[in-house]
Each structure stands twice: as structure tokens, then as C-alpha cells.
$ cat upload38.pdb   # PDB, C-alpha atoms
MODEL        1
ATOM      1  CA  MET A   1     -10.422  14.040   2.135
ATOM      2  CA  ASN A   2     -12.874  11.527   0.676
ATOM      3  CA  LYS A   3     -13.557   8.011   1.981
ATOM      4  CA  ARG A   4     -11.423   6.300  -0.689
ATOM      5  CA  GLU A   5      -8.465   8.530   0.165
ATOM      6  CA  GLU A   6      -8.895   7.807   3.877
ATOM      7  CA  THR A   7      -8.966   4.070   3.100
ATOM      8  CA  TRP A   8      -5.841   4.312   0.922
ATOM      9  CA  LYS A   9      -3.869   6.301   3.495
ATOM     10  CA  ARG A  10      -4.822   3.829   6.221
ATOM     11  CA  TYR A  11      -3.775   0.917   3.962
ATOM     12  CA  SER A  12      -0.431   2.706   3.383
ATOM     13  CA  ASP A  13       0.165   2.631   7.144
ATOM     14  CA  ALA A  14       0.275  -1.182   6.973
ATOM     15  CA  TRP A  15       3.721  -0.993   5.353
ATOM     16  CA  HIS A  16       5.301   0.153   8.634
ATOM     17  CA  ALA A  17       2.890  -1.490  11.100
ATOM     18  CA  THR A  18       3.385  -4.455  13.401
ATOM     19  CA  ASP A  19       1.633  -7.717  12.481
ATOM     20  CA  ALA A  20      -1.191  -7.069  14.978
ATOM     21  CA  GLU A  21      -1.680  -3.508  13.722
ATOM     22  CA  ARG A  22      -1.517  -4.704  10.119
ATOM     23  CA  THR A  23      -4.301  -7.236  10.655
ATOM     24  CA  GLU A  24      -6.571  -4.477  11.975
ATOM     25  CA  ILE A  25      -5.648  -2.212   9.066
ATOM     26  CA  PHE A  26      -6.368  -4.999   6.580
ATOM     27  CA  LYS A  27      -9.771  -5.683   8.164
ATOM     28  CA  ALA A  28     -10.708  -2.036   7.684
ATOM     29  CA  THR A  29      -9.242  -1.469   4.220
ATOM     30  CA  LEU A  30      -8.643  -4.607   2.133
ATOM     31  CA  ALA A  31     -10.753  -7.311   0.547
ATOM     32  CA  LYS A  32      -9.524 -10.721   1.763
ATOM     33  CA  GLN A  33      -8.388 -11.811  -1.707
ATOM     34  CA  CYS A  34      -6.854  -8.473  -2.675
ATOM     35  CA  VAL A  35      -4.182  -8.552  -5.374
ATOM     36  CA  TYR A  36      -0.999  -6.525  -4.940
ATOM     37  CA  THR A  37       1.448  -6.077  -7.820
ATOM     38  CA  ASP A  38       4.637  -4.073  -8.215
ATOM     39  CA  PRO A  39       7.820  -4.493 -10.311
ATOM     40  CA  LEU A  40       9.210  -6.962  -7.740
ATOM     41  CA  ALA A  41       6.236  -9.113  -6.721
ATOM     42  CA  THR A  42       2.634 -10.172  -7.118
ATOM     43  CA  THR A  43       0.646 -11.343  -4.104
ATOM     44  CA  THR A  44      -2.921 -12.481  -3.548
ATOM     45  CA  GLY A  45      -4.589 -12.303  -0.150
ATOM     46  CA  TRP A  46      -3.658 -10.964   3.245
ATOM     47  CA  LYS A  47      -1.153 -13.682   4.165
ATOM     48  CA  ALA A  48       1.015 -13.256   1.073
ATOM     49  CA  LEU A  49       0.860  -9.458   1.317
ATOM     50  CA  THR A  50       1.824  -9.618   4.998
ATOM     51  CA  GLU A  51       4.884 -11.726   4.132
ATOM     52  CA  TYR A  52       5.873  -9.247   1.429
ATOM     53  CA  MET A  53       5.449  -6.324   3.830
ATOM     54  CA  ARG A  54       7.615  -8.097   6.438
ATOM     55  CA  ALA A  55      10.376  -8.512   3.838
ATOM     56  CA  PHE A  56      10.038  -4.820   2.948
ATOM     57  CA  GLN A  57      10.407  -3.890   6.629
ATOM     58  CA  GLN A  58      13.580  -5.972   6.890
ATOM     59  CA  GLN A  59      15.054  -4.310   3.808
ATOM     60  CA  PHE A  60      13.976  -0.785   4.837
ATOM     61  CA  PRO A  61      13.688  -0.698   8.665
ATOM     62  CA  GLY A  62      11.507   2.152   9.854
ATOM     63  CA  ALA A  63      10.558   3.322   6.352
ATOM     64  CA  ARG A  64       7.043   4.579   5.731
ATOM     65  CA  PHE A  65       4.940   5.887   2.862
ATOM     66  CA  ALA A  66       3.463   9.369   2.619
ATOM     67  CA  VAL A  67       0.691   9.947   0.095
ATOM     68  CA  GLN A  68       1.438  13.209  -1.719
ATOM     69  CA  ASP A  69      -1.561  13.357  -4.032
ATOM     70  CA  PHE A  70      -4.663  11.213  -4.444
ATOM     71  CA  GLU A  71      -7.184  11.147  -7.257
ATOM     72  CA  THR A  72     -10.258   8.967  -7.555
ATOM     73  CA  HIS A  73     -13.284   8.367  -9.718
ATOM     74  CA  ASN A  74     -15.849   5.603  -9.667
ATOM     75  CA  ASP A  75     -14.089   2.649  -8.002
ATOM     76  CA  CYS A  76     -10.519   3.502  -9.108
ATOM     77  CA  SER A  77      -7.727   5.633  -7.680
ATOM     78  CA  ILE A  78      -4.211   6.907  -8.282
ATOM     79  CA  ALA A  79      -1.927   7.754  -5.350
ATOM     80  CA  HIS A  80       1.388   9.567  -5.761
ATOM     81  CA  TRP A  81       3.612   8.743  -2.818
ATOM     82  CA  LYS A  82       7.078   9.063  -1.341
ATOM     83  CA  MET A  83       8.885   6.406   0.649
ATOM     84  CA  LEU A  84      10.523   8.088   3.635
ATOM     85  CA  ALA A  85      13.393   7.033   5.889
ATOM     86  CA  PRO A  86      12.801   7.087   9.667
ATOM     87  CA  ASP A  87      14.259  10.631   9.787
ATOM     88  CA  GLY A  88      11.752  11.787   7.147
ATOM     89  CA  SER A  89      14.231  12.041   4.290
ATOM     90  CA  PRO A  90      12.978  10.725   0.932
ATOM     91  CA  ILE A  91      14.170   7.314  -0.258
ATOM     92  CA  SER A  92      12.103   7.016  -3.429
ATOM     93  CA  ALA A  93       8.817   7.991  -5.035
ATOM     94  CA  GLY A  94       6.159   6.239  -7.050
ATOM     95  CA  VAL A  95       2.557   5.955  -8.108
ATOM     96  CA  SER A  96      -0.005   3.336  -7.145
ATOM     97  CA  TYR A  97      -3.251   2.434  -8.863
ATOM     98  CA  GLY A  98      -6.092   0.997  -6.799
ATOM     99  CA  GLU A  99      -9.511  -0.557  -7.297
ATOM    100  CA  PHE A 100     -12.272  -0.662  -4.687
ATOM    101  CA  ASP A 101     -15.251  -2.972  -4.199
ATOM    102  CA  GLU A 102     -18.826  -1.892  -3.475
ATOM    103  CA  SER A 103     -18.111  -1.832   0.279
ATOM    104  CA  GLY A 104     -15.197   0.587  -0.207
ATOM    105  CA  LYS A 105     -12.407  -1.932   0.434
ATOM    106  CA  ILE A 106      -9.387  -2.145  -1.827
ATOM    107  CA  THR A 107      -9.372  -5.169  -4.127
ATOM    108  CA  LYS A 108      -6.335  -4.381  -6.263
ATOM    109  CA  MET A 109      -3.176  -2.336  -5.744
ATOM    110  CA  THR A 110      -0.550  -1.843  -8.449
ATOM    111  CA  GLY A 111       2.636   0.035  -7.595
ATOM    112  CA  PHE A 112       4.878   1.764 -10.122
ATOM    113  CA  PHE A 113       8.416   2.767  -9.121
ATOM    114  CA  ASP A 114      12.015   2.476 -10.255
ATOM    115  CA  VAL A 115      13.549  -0.783  -9.094
ATOM    116  CA  PRO A 116      16.677  -0.234  -6.966
ATOM    117  CA  ALA A 117      19.886  -1.587  -8.506
ATOM    118  CA  GLN A 118      20.357  -4.124  -5.659
ATOM    119  CA  ALA A 119      16.937  -5.688  -6.346
TER
ENDMDL
END

$ encode --input "upload38.pdb" --output "C-alpha cells"
Amino acid sequence: MNKREETWKRYSDAWHATDAERTEIFKATLAKQCVYTDPLATTTGWKALTEYMRAFQQQFPGARFAVQDFETHNDCSIAHWKMLAPDGSPISAGVSYGEFDESGKITKMTGFFDVPAQA
């Protein structure tokens, strides 16, 4: 596993972390003004992303992401992932594109997935 993949997998853990854990994960993995985009939202910075992650946790209690495949070149990456229920059963799948700065922190994350009907 390369450093970018380690960073991405650690960032993915933030989606099911507590606020205190999330702050530590962000310090290790994300640029302060990172931009997150998916079909449902666009956020800039740690505070807005934290609020979005809290809303995700309320909608999908106990859900987590498992990176299935990761590819990288230069300062870009693609991660194929599955969203898993607390019992490990799959809820959905998607792909995320990422960009990294010179220090190895993620500056941009773009998620691609089918939007649930209730959204």
C-alpha cells in the first residue's frame, strides 16, 4: 500500500468516526480548505465537511466505507468503495476522485454514486 492509499483509507475512516476522532483524522489527511463534492453536496473546509459527515451518520447510523481498489498517479487518485451497514452487508458502491498537495494531504475529494430515491 502506498502513502496516498494509506492517507485515503484513513480519511475514509472519518465517515464513521466521532468528532474527536475525526479532528485527528483530518489533521493527518486533509488540507484545511479541502473541497468535497458529491451528487448531494459541496463543502469547503473541515467544519462544513464535519457537518456533512454528521448528517450522513444520522441518516446511516453505523455505516462505514471500505476501499475496494485504489489507483494513483502524480497527485491524483481514484478509489472504488462500498458503503457497508454495521453488519457488513453492502448498502451501495461508488467511486471517488482525489487530489493531493505537495505534503501528501488531500485537497479535493469528488464522490460518484447513485443518489438514493429518498434523497

$ resolve_selection --input "upload38.pdb" --expression "the PyMOL selection byres ((chain A and resi 33) around 9)" --output "number ranges by chain"
A: 30-32, 34-35, 44-46, 107-108

$ residues_around --input "upload38.pdb" --residues "Gln57 in chain A" --least-positions-apart "4" --cutoff "10 Å" --atoms "only C-alpha atoms" --output "PyMOL selection string"
chain A and resi 15-18+51-53+61-64

$ atom_distance --input "upload38.pdb" --atom1 "CA of Glu102 in chain A" --atom2 "CA of Asn74 in chain A"
10.2 Å

$ closest_residue --input "upload38.pdb" --among "A:Thr23, A:Thr42, A:Thr37, A:Ser92" --to "Val115 in chain A" --atoms "all atoms listed in the file"
A:Ser92

$ resolve_selection --input "upload38.pdb" --expression "the PyMOL selection byres ((chain A and resi 80-91) around 7)" --output "list in words"
Gly62, Ala63, Arg64, Phe65, Ala66, Val67, Gln68, Asp69, Phe70, Ile78, Ala79, Ser92, Ala93, Gly94, Val95 and Ser96 of chain A

$ write_last_selection --input "upload38.pdb" --atoms "C-alpha atoms" --output "compact mmCIF listing (two decimals), keeping the file's coordinate frame"
# COMPACT_ATOMS: atom_id res chain seq x y z
CA GLY A 62 11.51 2.15 9.85
CA ALA A 63 10.56 3.32 6.35
CA ARG A 64 7.04 4.58 5.73
CA PHE A 65 4.94 5.89 2.86
CA ALA A 66 3.46 9.37 2.62
CA VAL A 67 0.69 9.95 0.10
CA GLN A 68 1.44 13.21 -1.72
CA ASP A 69 -1.56 13.36 -4.03
CA PHE A 70 -4.66 11.21 -4.44
CA ILE A 78 -4.21 6.91 -8.28
CA ALA A 79 -1.93 7.75 -5.35
CA SER A 92 12.10 7.02 -3.43
CA ALA A 93 8.82 7.99 -5.04
CA GLY A 94 6.16 6.24 -7.05
CA VAL A 95 2.56 5.96 -8.11
CA SER A 96 0.00 3.34 -7.14

$ atom_distance --input "upload38.pdb" --atom1 "CA of Glu71 in chain A" --atom2 "CA of Arg4 in chain A"
9.2 Å

$ resolve_selection --input "upload38.pdb" --expression "the PyMOL selection byres ((chain A and resi 75) around 7)" --output "count of residues only"
6

$ atom_distance --input "upload38.pdb" --atom1 "CA of Met109 in chain A" --atom2 "CA of Asp38 in chain A"
8.4 Å

$ closest_residue --input "upload38.pdb" --among "A:Ile106, A:Phe112, A:Ala48, A:Thr43" --to "Ser12 in chain A" --atoms "all atoms listed in the file"
A:Ile106

$ closest_residue --input "upload38.pdb" --among "A:Lys105, A:Thr110, A:Arg54, A:Asn2" --to "Arg22 in chain A" --atoms "only C-alpha atoms"
A:Arg54

$ closest_residue --input "upload38.pdb" --among "A:Met1, A:Gly98, A:Glu6, A:Thr50" --to "Glu21 in chain A" --atoms "only C-alpha atoms"
A:Thr50

$ closest_residue --input "upload38.pdb" --among "A:Trp8, A:Tyr97, A:Phe60, A:Phe26" --to "Gly111 in chain A" --atoms "all atoms listed in the file"
A:Tyr97

$ closest_residue --input "upload38.pdb" --among "A:Thr72, A:Phe113, A:Ala20, A:Ser77" --to "Pro39 in chain A" --atoms "all atoms listed in the file"
A:Phe113
